[in-house]
Amino acid sequence: MGHFRLLVVGNGISAYGSYLNMVALNVFIYHVTGSALTAGLFMAVRLVTSVLAGFVAGRLVSTRDRKGLMVGADVTQALALLALLLAPDGARVGLLFALAVITGSCATLSQVALRSSVPEIVGAEHRARANGLLVTGRSLAMIAGFASSGLVVAQLGYSTAFALDAVTFVISAGVLFLLPVRTRAAAEDAPEAGAGAAGAEGEKAGAARGFARMLLRTAPLLAVMIAVRAVDGLGSSSHNVALPIYSDGLDPAHPATFISQFWATWAIGNIVAQQLFGRVTKRTGRTPGERAFALGACLMSAAFIVVFAGLPTVPTIIAALVAGMADGFTEIVYVSRLQAAPDAERGRLFGLSASAENTGFGLGMIVSAALLESFSPLQVVAAFHGLAIALCAVLLAVLLGRGRTSARSQDRPGGRDDRAARDVSTAEGRNS
């Protein structure tokens with residue numbers, strides 16, 4: 001895990017630059033053009049690019065060197081920011097939209113490649129703990145990025161913010177390049193010297209049939225989990241859009257106060273969840289599965305709704321903390337579950353997941369912004385997160401039904417043996 005901790009540090013540094021730049025770029029494009037429509041188009045271009053990039057990233061990650069893809073994505077983003085810094089003022093607007101395409105696609109590619117690589121870097125048995133470290137690093141980066149963005153832009157200017165972001169990508173690329181980590185399954189599945197070709201082909205055919213049976217058994221459940229994440233994206237967009245409106249209503253003189261308190265508390269909850277998750281999994285040796293994911297997603301959405309319920313400060317902060325903890329927990333469980341898939345399929349799963357999540361978030365940004373013209377923040381957030389709760393209830397019902405069916409099959413003669421024969425994922429499948 002030592003090499004992976006260094007990777008987490010590098011990833012956290014680049015994430016800090018991304019969060020810093022998220023604020024700086026959105027303010028900069030409005031400052032340059034004076035048009036809210038142009039600023040909105042910039043965000044839309046980046047989101048659409050992220051959605052489309054998920055499908056392409058899945059195929060690339062499945063066939064190309066993942067470490068090289070991540071290094072290339074970081075270097076490309078650094079060069080794009082450098083080009084923006086060196087460009088004359090008249091060419092910057094066009095370059096900003098090019099930057100939106102580059103950052104959206106490269107960020108998605110890097111995320112898909114990293115998530116797909118975790119089991120190969122740390123070992124499948126340590127993937128949940130590793131995912132927790134990544135969640136912690138990103139949460140700390142978010143706190144630092146959002147907290148320092150205003151100060152950096154106000155005191156040092158946009159150019160310094162962009163240059164700082166470019167440096168963070170260079171550091172991340174350097175760390176990745178130097179670390180001696182393997183990011184995909186070893187190709188040494190070929191037979192040892194002297195083994196017959198027919199025997200090797202028979203083993204491969206048997207493995208292929210076993211994997212096909214596993215996919216037929218698990219694909220519908222994974223599809224529902226990915227759908228839950230897409231609807232979670234809708235919910236996330238609703239509270240992101242509603243937060244400034246709700247905060248302004250609480251304290252028009254200091255509208256940023258509640259937003260800062262909310263995100264800081266949410267991030268602390270993420271970190272606490274990682275610490276608790278790591279301790280529990282280390283003690284029990286098991287990774288929570290689909291039921292825990294569904295229950296955690298329900299709790300997360302319910303907590304987000306409570307945040308906008310107009311309660312006093314203390315219960316609201318507690319709700320934000322619970323939302324952050326549940327969000328961090330479900331993130332770790334979900335990513336760990338997808339990582340239980342075979343390496344050859346993992347990239348496509350994460351590419352599809354990234355596209356689904358970005359689609360939900362982008363669509364939610366548009367719809368929730370329109371609904372907030374007529375409805376209160378609580379109504380909009382409750383509607384979107386309520387949809388997530390409903391879908392999680394469906395997932396729980398499916399899981400309970402599968403559990404009862406499995407229990408009945410085990411009670412029949414030979415049922416337990418049949419089940420064992422079908423379980424081609426061994427301990428990984430049982431942990432999930």
# chains A, B, ... in the order shown; residues from 1 in each chain; ligands from 1
>>> residues_around(residues="Met70 (chain A)", least_positions_apart="3", cutoff="6 Å", atoms="only C-alpha atoms", output="list in words")
Lys67, Ala73 and Ser110 of chain A
>>> select_by_dssp(residues="region 180-370 of chain A", states="alpha helix (DSSP H)", output="VMD selection string")
chain A and resid 197 to 250 256 to 284 290 to 307 313 to 339 343 to 370
>>> residues_around(residues="region 145-150 of chain A", least_positions_apart="3", cutoff="10 Å", atoms="only C-alpha atoms", output="list of chain:residue names")
A:Ile13, A:Ala15, A:Tyr16, A:Gly17, A:Ser18, A:Tyr19, A:Leu20, A:Asn21, A:Met22, A:Val23, A:Ala24, A:Ser139, A:Leu140, A:Ala141, A:Met142, A:Val153, A:Ala154, A:Gln155, A:Leu156, A:Gly157, A:Tyr158, A:Ala161, A:Ser260, A:Trp263, A:Ala264
>>> closest_residue(among="A:Val71, A:Leu85, A:Leu276, A:Leu41", to="Ser14 (chain A)", atoms="only C-alpha atoms")
A:Val71
>>> residues_around(residues="Lys282 (chain A)", least_positions_apart="5", cutoff="12 Å", atoms="only C-alpha atoms", output="list in words")
Glu125, His126, Arg127, Ala128, Arg129, Ala130, Gln274, Gln275, Leu276, Phe277, Thr287 and Pro288 of chain A
>>> write_last_selection(atoms="C-alpha atoms", output="PDB file, in the first residue's frame")
ATOM      1  CA  GLU A 125      -8.541  -7.874  -1.016  1.00  0.00           C
ATOM      2  CA  HIS A 126      -7.399  -4.309  -0.264  1.00  0.00           C
ATOM      3  CA  ARG A 127      -9.507  -2.467  -2.834  1.00  0.00           C
ATOM      4  CA  ALA A 128     -12.142  -1.179  -0.372  1.00  0.00           C
ATOM      5  CA  ARG A 129      -9.461   0.309   1.869  1.00  0.00           C
ATOM      6  CA  ALA A 130      -7.732   1.852  -1.153  1.00  0.00           C
ATOM      7  CA  GLN A 274     -13.481   6.325   5.244  1.00  0.00           C
ATOM      8  CA  GLN A 275     -11.904   5.908   8.665  1.00  0.00           C
ATOM      9  CA  LEU A 276     -14.836   3.901  10.037  1.00  0.00           C
ATOM     10  CA  PHE A 277     -15.134   1.851   6.860  1.00  0.00           C
ATOM     11  CA  THR A 287     -16.668  -5.664   2.182  1.00  0.00           C
ATOM     12  CA  PRO A 288     -20.302  -4.471   2.469  1.00  0.00           C
TER      13      PRO A 288
END
>>> residues_around(residues="Ser62 (chain A)", least_positions_apart="2", cutoff="10 Å", atoms="only C-alpha atoms", output="JSON, numbers by chain")
{"A": [57, 58, 59, 60, 64, 65, 66, 113, 116, 184, 343, 344, 345, 346, 347, 348, 349, 351]}
>>> residues_around(residues="Cys298 (chain A)", least_positions_apart="2", cutoff="10 Å", atoms="only C-alpha atoms", output="number ranges by chain")
A: 232, 292-296, 300-303, 326-327, 330, 385-386, 388-393
>>> residues_around(residues="Cys106 (chain A)", least_positions_apart="4", cutoff="9 Å", atoms="only C-alpha atoms", output="ChimeraX atom specification")
/A:50,53,70,72-74,76-77,101-102,110-111
>>> write_last_selection(atoms="N, CA, C and O atoms", output="compact mmCIF listing (two decimals), in the first residue's frame")
# COMPACT_ATOMS: atom_id res chain seq x y z
N SER A 50 -17.91 15.07 -20.83
CA SER A 50 -17.69 14.05 -19.80
C SER A 50 -18.59 12.83 -20.04
O SER A 50 -18.15 11.69 -19.86
N ALA A 53 -17.26 11.02 -23.14
CA ALA A 53 -15.94 10.45 -22.87
C ALA A 53 -16.02 9.16 -22.09
O ALA A 53 -15.12 8.31 -22.19
N MET A 70 -3.40 7.64 -17.80
CA MET A 70 -3.54 8.62 -16.71
C MET A 70 -2.46 9.69 -16.79
O MET A 70 -2.73 10.88 -16.61
N GLY A 72 -0.87 10.60 -19.53
CA GLY A 72 -1.19 11.42 -20.70
C GLY A 72 -2.32 12.40 -20.45
O GLY A 72 -2.29 13.54 -20.92
N ALA A 73 -3.34 11.97 -19.68
CA ALA A 73 -4.47 12.86 -19.36
C ALA A 73 -4.01 14.05 -18.53
O ALA A 73 -4.41 15.20 -18.77
N ASP A 74 -3.14 13.79 -17.53
CA ASP A 74 -2.63 14.89 -16.70
C ASP A 74 -1.77 15.85 -17.51
O ASP A 74 -1.89 17.08 -17.39
N THR A 76 -1.81 16.38 -20.73
CA THR A 76 -2.65 17.10 -21.70
C THR A 76 -3.35 18.28 -21.05
O THR A 76 -3.42 19.38 -21.61
N GLN A 77 -3.89 18.06 -19.85
CA GLN A 77 -4.57 19.15 -19.16
C GLN A 77 -3.59 20.26 -18.77
O GLN A 77 -3.92 21.45 -18.84
N VAL A 101 -13.57 20.98 -23.33
CA VAL A 101 -13.57 19.66 -23.95
C VAL A 101 -12.42 18.82 -23.41
O VAL A 101 -12.59 17.63 -23.07
N ILE A 102 -11.24 19.42 -23.33
CA ILE A 102 -10.05 18.68 -22.89
C ILE A 102 -10.18 18.25 -21.43
O ILE A 102 -9.93 17.09 -21.07
N SER A 110 -9.15 9.73 -16.86
CA SER A 110 -8.28 9.48 -15.70
C SER A 110 -9.03 8.77 -14.59
O SER A 110 -8.51 7.84 -13.95
N GLN A 111 -10.28 9.20 -14.34
CA GLN A 111 -11.08 8.58 -13.28
C GLN A 111 -11.37 7.12 -13.60
O GLN A 111 -11.24 6.23 -12.74
>>> atom_distance(atom1="CA of Phe28 (chain A)", atom2="CA of Thr160 (chain A)")
12.3 Å
>>> closest_atom_pairs(of="region 96-178 of chain A", to="region 354-364 of chain A", cutoff="10 Å", atoms="only C-alpha atoms", output="Markdown table")
| residue | atom | partner | partner_atom | distance |
| --- | --- | --- | --- | --- |
| A:Thr108 | CA | A:Ala354 | CA | 7.0 |
| A:Leu109 | CA | A:Ala354 | CA | 9.3 |
| A:Gln111 | CA | A:Ala354 | CA | 8.4 |
| A:Val112 | CA | A:Ala354 | CA | 7.3 |
>>> closest_residue(among="A:Phe304, A:Ala227, A:Gly278, A:Gly233", to="Val394 (chain A)", atoms="only C-alpha atoms")
A:Ala227
